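**Q** Take a look at the following structure, please.
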Amino acid sequence: MRIDETHRKWFIGSLAVLMIAVAIYVPYSRTAPQGANGGTVAGLTYGSIAFAFMLFAGLLGARKMVPVWRVGRAQAWMRGHLWLGFLSFPLILFHSGFRFGVGLTTVLMWLLVVVFVSGIVGAILQHFMPRLTRQRIPLETVYEQIGRVRSQLVVEAQTVVEEASAALAGSVSQATEQQRAASASAGTIGGLTVASGLQVDEGASDQLQEFFRREMQPYIAQGGPMGMALADRNRSQSMFQQLRLLLPPNLHPSVDDLESICEEKRELDQQTQYHRILHGWLLVHIPVSYALLLLGAVHAVMALRY
Amino acid sequence: MPRRVRTTKNLAKRMDLQYFKQAHPLRSWRLWLSILIPAVAVVWFAAQRASSQKIYSSGPLSAAHSVLGKQCNVCHVTTLGGFRAKVSDDACSKCHDAPAHHADKAIFTVSCGSCHVEHRGSPRLASTEDASCTQCHANLLTRGGNPQYVRVVKGFDKQHPEFAALRPDARDPGQVKLNHYVHLRPHLAGPTGPVQMDCQDCHRLTAMDGTWPYGMPQPVPQPRPSVGGMNAELKHERSQDYMVPILYVNQCAGCHVKDLQFDKRFDQAAPHDKPEVVQAFLVQKYNDYFASHPGALSEAVAPERILPGTMKLPLPVPHTRQEWIDQQVMLGDRLLFDKGCKLCHVMIEGSPLPTVAKSSILARWFLHAEFSHDSHRLLTCTACHDRTPESRQTADILLPRIVSCRSCHEDRGPRHDAASGRCSECHSYHDWAKERPTKGTFTIPQLRAATSR
């Protein structure tokens, strides 16, 4: 969620609550006989409000699980989650008098720190990453379908290669002297060495298939770059340029198609990477939040007891 | 062969429209971690709870209570059907049963824990924060309207009044004449020749060597300092806190015994005692002398025994044994009561004998505060009692001024590389003189079994 002008009311409200909390805390901490702590009326008030905010923030998960609930717009819940969750951290610090305590309270404080920091990181990522993703990956696909799309790309590339090979077998003699000479200067294409200009046409089909089998198919089939040459855009362009020299001009559109497939695969990898960054923090934030709420409830009950 | 074209429409055709029904690794991880991490937290909590209730502790116990680290129920007595286990004053009073600051609790009643906050790991729980005191003493209100003490005290270096003994209306109740300036002069006449006296020749802590350089060969055990029962208020008074009271036999007799010499015919000086005792001593001495010296009637009176202006001259000639004894005793009385005793004491005229004004030398000047000389032993005496070497008057109160204490003690001392200036450094809230005895309830195995779990 982008933090834009639509957050103005939440921002002002949260700032006001924070200022009030600070304004109360400063004289309270200076005049309380034993300093600020969770056992005083003010300390308990801070703690109760902060825990209520945390509970509300935790309810976002339930709200998402049942989207048909008519309990306010999802955006409002998200903004509440963000701003009230943010407020809960300073309020808990005021509750504890900036002490981490021992035993359960120490664990709770560290859980809160983890949740708070991961939440801040998440908010920053959610603010910047979607725009970055749109800029760098114009044709974004559904993340969960990337594996399926990759499989389709393999099939598509294989079809292109087979069609090109078939066309190549019937038109070897049509290669021009100029093409042969140019291909003679070729060196290595993705690890395949072109032996000589004269062998280009005769071996082009084999080399195209070898290139596909050894370089392109593994790269497209697997997720991530895995250190392969085609994962690098510059090296990929170079390799396909060599391929164009190897193949007759009428097959260059096929090479373009193969290069486009590799480009799409690179975008899929990049999207995967961005998606993991954009959502990976939730693997920390959500589970630790549940643990925090659980132990926080125990702490609240035991604080009433002791 | 058509060129490959990427459009959103083409991309959409690749989608499996039921994709959202399938579990995705990231979501699966999130789900499992959301179960696993709270479960780990619960298991950790249960394991901690099984070993002790320390998991609930808000902090380490104070040093004195640390032995009760796992004996929560000693202080946290359950009430309200077993749920509520707040520490009550009764739990504290089981071991520390002393009346509060005011006997009339209606004036000011606070729970023990509001001042003595546990679970802070403090080395000394009795050392309370100043705010505990200043919540009242920063603006002391009393039912009568006029507080007995200073109304506004906000801390040691913030609006703390000068020590009571040094305020303008204060006076030294002492009735023994002493000139510190003279006593600290060089080449003072000592028992065996010129001496340079030092503060510690007369002012010492009890724990020091029992002999005195200017006392009698056999020192007299010193009583504990006592000022109108005030010392009894302070539970933590230690043997090395205060100077031992001044006694003639220990601190003065070495030099001043000659002032009690009353007759050259006797080596023995008069006793340092009440006039009645002194006179009885003289009567006995002269009776004994007359018995052993039948020709005493014809002995002339030594001129140094006649104090001009204190007796009618010429002295009558004694004709009988009794007349002679009466005259000798009269001369001794005059020499002692009008000269020897008056050197140090205030003599009150009376008949037939004068009386000696009560010495009233204060052993403690801070009537509502504790002080330990031993804690300040790294300082020279005059570092604090700086006016002493120049003091010529008995009435001079040589107590250090509060500004002298503030040179080292600050409210937030330890945080400013200074000595603590907390109220509790000097003042005691409870009247420990009225502490009631408590009865222990633990055996050592019970205590050890609990702490070694």
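Just remember, in the structure tokens the first chain shown is A, the second B, etc., residues are 1-based per chain, and ligands are 1-based in the order shown.
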Using only C-alpha atoms and a cut-off of 7 Å, which residues of chain B sit close to chain A? Please list them as an MDAnalysis selection string.

**A** chainID B and resid 3:4 8 14:15 19 24 30 33:34 37:38 41 55:59 76 83:86 115 117 129 131:132

**Q** For C-alpha atoms, I'd like the residues from the last selection saved as an mmCIF file, in the first residue's frame.

**A**
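again-v3.cif was written with the following content:
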data_model
loop_
_atom_site.group_PDB
_atom_site.id
_atom_site.type_symbol
_atom_site.label_atom_id
_atom_site.label_comp_id
_atom_site.auth_asym_id
_atom_site.auth_seq_id
_atom_site.Cartn_x
_atom_site.Cartn_y
_atom_site.Cartn_z
ATOM 1 C CA ARG B 3 6.971 -12.478 -35.041
ATOM 2 C CA ARG B 4 6.349 -13.181 -31.375
ATOM 3 C CA THR B 8 -1.340 -8.568 -21.767
ATOM 4 C CA ARG B 14 -1.568 -18.425 -20.354
ATOM 5 C CA MET B 15 -3.138 -18.163 -16.924
ATOM 6 C CA TYR B 19 -4.606 -20.685 -9.877
ATOM 7 C CA HIS B 24 1.689 -21.471 -3.295
ATOM 8 C CA ARG B 30 3.555 -18.150 5.755
ATOM 9 C CA LEU B 33 5.397 -20.370 10.085
ATOM 10 C CA SER B 34 2.282 -18.727 11.487
ATOM 11 C CA ILE B 37 6.430 -19.738 15.603
ATOM 12 C CA PRO B 38 3.466 -19.192 17.942
ATOM 13 C CA ALA B 41 6.476 -19.485 21.774
ATOM 14 C CA ILE B 55 8.875 -16.165 33.734
ATOM 15 C CA TYR B 56 6.339 -13.641 34.974
ATOM 16 C CA SER B 57 8.952 -11.615 36.804
ATOM 17 C CA SER B 58 9.228 -8.040 35.667
ATOM 18 C CA GLY B 59 12.873 -7.866 36.692
ATOM 19 C CA HIS B 76 2.693 -12.690 46.188
ATOM 20 C CA PHE B 83 -6.279 -15.462 40.908
ATOM 21 C CA ARG B 84 -5.004 -12.215 42.312
ATOM 22 C CA ALA B 85 -1.515 -12.375 43.761
ATOM 23 C CA LYS B 86 -0.473 -8.768 44.249
ATOM 24 C CA CYS B 115 8.274 3.413 47.489
ATOM 25 C CA VAL B 117 9.775 -1.008 44.080
ATOM 26 C CA GLU B 129 13.696 7.390 44.847
ATOM 27 C CA ALA B 131 10.056 11.293 44.296
ATOM 28 C CA SER B 132 8.717 9.013 47.046
#

**Q** May I ask for the distance between CA of Glu156 in chain A and CA of Gln209 in chain A, given in Å to one decimal place?

**A** 14.0 Å

**Q** With a distance cut-off of 10 Å and only C-alpha atoms, select the neighbouring residues of Leu336 in chain B, excluding the residue or stretch itself and same-chain residues fewer than 2 positions from it, and output the selection as a count of residues only.

**A** 20
